[in-house]
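One structure below.
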Amino acid sequence: MELDADYAAAGFARRLGWGRRPALLLVDPVVAYTVEGSPLHLSTGTAAVGVMSELLAAARAAGVPVVLTGVRYADSSCAEAPLFAAKVPVLSVFAAGGPLGEFPAELAPAPGEHVVLKHYASAFAGTALAAWLTANGVDTVVVGGFSTSGCVRATAVDALQHGFRPMVVRQACADRDPGPHESNLFDLDAKYADVVDLADALKRLAAAA
């Protein structure tokens with residue numbers, strides 16, 4: 001039996017569907033993933049930034065709430081997340097003042113847009129994001145960012161666990177290798193989120209105006 005059919009037969013990959021009030025949630029869309037020479041550089045990162053900029057323009061045009069996240073530590077010791085940093089020492093590039101933690105110009109937050117600076121993979125871990133989304137009447141989060149198998153996955157799973165419908169935009173995510181990228185999109189779509197195409201996401205954001 002093919003993988004898709006096997007999962008469907010077991011009851012996975014049902015649709016959550018869109019709610020009534022979406023927010024755009026861009027996870028760590030920072031230059032660490034797009035600049036040549038960065039230890040976190042992704043070969044498909046620049047293309048994903050282009051897609052995220054389309055989503056951002058659509059959300060702004062529709063008046064949809066926008067959230068951007070980044071990873072930030074006081075210094076290169078990453079003392080706020082010692083076990084995470086022990087597992088992934090390259091997180092030290094996100095020490096305060098370092099250039100790799102900045103947003104690219106095309107994704108720079110506008111005044112009034114919510115920025116979440118986090119210490120762990122999930123945008124919900126140790127932050128007030130869930131409360132902010134609830135206060136703004138949000139029931140659906142449109143997710144893109146870096147990386148698919150890391151912070152995007154963790155954020156989408158936690159969104160579901162906090163009662164929000166995660167809509168992960170396939171073309172708006174990127175990873176170090178196609179294998180982890182595709183396998184994590186498959187698993188998210190099977191268990192925790194709806195993985196959607198850019199065209200559908202743009203249509204839904206426009207309809208939210």
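Following the order of the structure tokens, chains are lettered A, B, ..., residues in each are numbered from 1, and ligands are numbered from 1.
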| field | Spatial neighbours of A:Arg15, max dist 9 Å, only C-alpha atoms, sep filter under 5 positions, as an MDAnalysis selection string | value | chainID A and resid 189 193:194
Using only C-alpha atoms, please write the residues we just selected to a file, as a PDB file, in the first residue's frame.
```
ATOM      1  CA  ASP A 189      -0.028  17.120   7.401  1.00  0.00           C
ATOM      2  CA  ALA A 193      -1.551  20.695  10.687  1.00  0.00           C
ATOM      3  CA  ASP A 194      -2.952  21.255   7.229  1.00  0.00           C
TER       4      ASP A 194
END
```
| field | Close residues, A:Ala199 itself excluded, 12 Å, only C-alpha atoms, min 6 positions apart in chain, as a VMD selection string | value | chain A and resid 51 54 to 55 58 169 to 172 205 to 206
Proximity of stretch 31-80 of chain A to stretch 142-150 of chain A: per-residue shortest pair, 9 Å limit, only C-alpha atoms, as CSV:
```
residue,atom,partner,partner_atom,distance
A:Tyr33,CA,A:Phe146,CA,7.4
A:Leu42,CA,A:Ser147,CA,8.8
A:Gly45,CA,A:Phe146,CA,7.9
A:Ala48,CA,A:Gly145,CA,7.4
A:Val49,CA,A:Gly145,CA,7.9
A:Val51,CA,A:Gly144,CA,8.8
A:Met52,CA,A:Gly144,CA,6.7
A:Leu55,CA,A:Val142,CA,8.9
```
| A:Thr155: which residues within 12 Å, counting only C-alpha atoms, same-chain residues fewer than 6 positions away excluded, as an MDAnalysis selection string? | chainID A and resid 25:28 69 118 120:125 127 129:130 141:149 161:162 164:168 188 192:193
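Note that DSSP on the backbone gives alpha helix (DSSP H) to these residues of stretch 3-68 of chain A: A:Leu3, A:Asp4, A:Ala5, A:Asp6, A:Tyr7, A:Ala8, A:Ala9, A:Gly45, A:Thr46, A:Ala47, A:Ala48, A:Val49, A:Gly50, A:Val51, A:Met52, A:Ser53, A:Glu54, A:Leu55, A:Leu56, A:Ala57, A:Ala58, A:Ala59, A:Arg60, A:Ala61, A:Ala62.
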Might you pull out every residue within 9 Å of stretch 77-90 of chain A, with only C-alpha atoms counted and same-chain residues fewer than 4 positions away left off, and present them as a short mmCIF file (atom, residue, chain, number, x, y, z; two decimals) with C-alpha atoms, in the first residue's frame?
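File produced: selection_27.cif:
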```
data_model
loop_
_atom_site.label_atom_id
_atom_site.label_comp_id
_atom_site.auth_asym_id
_atom_site.auth_seq_id
_atom_site.Cartn_x
_atom_site.Cartn_y
_atom_site.Cartn_z
CA PRO A 39 26.51 28.01 9.21
CA LEU A 40 22.71 27.90 8.99
CA ARG A 72 17.72 35.83 20.64
CA TYR A 73 20.15 35.27 23.51
CA PHE A 94 21.73 34.45 17.66
CA ALA A 95 23.51 36.32 20.46
CA HIS A 119 14.90 30.90 23.20
CA TYR A 120 13.60 27.54 22.00
CA ALA A 121 12.28 26.00 18.79
#
```
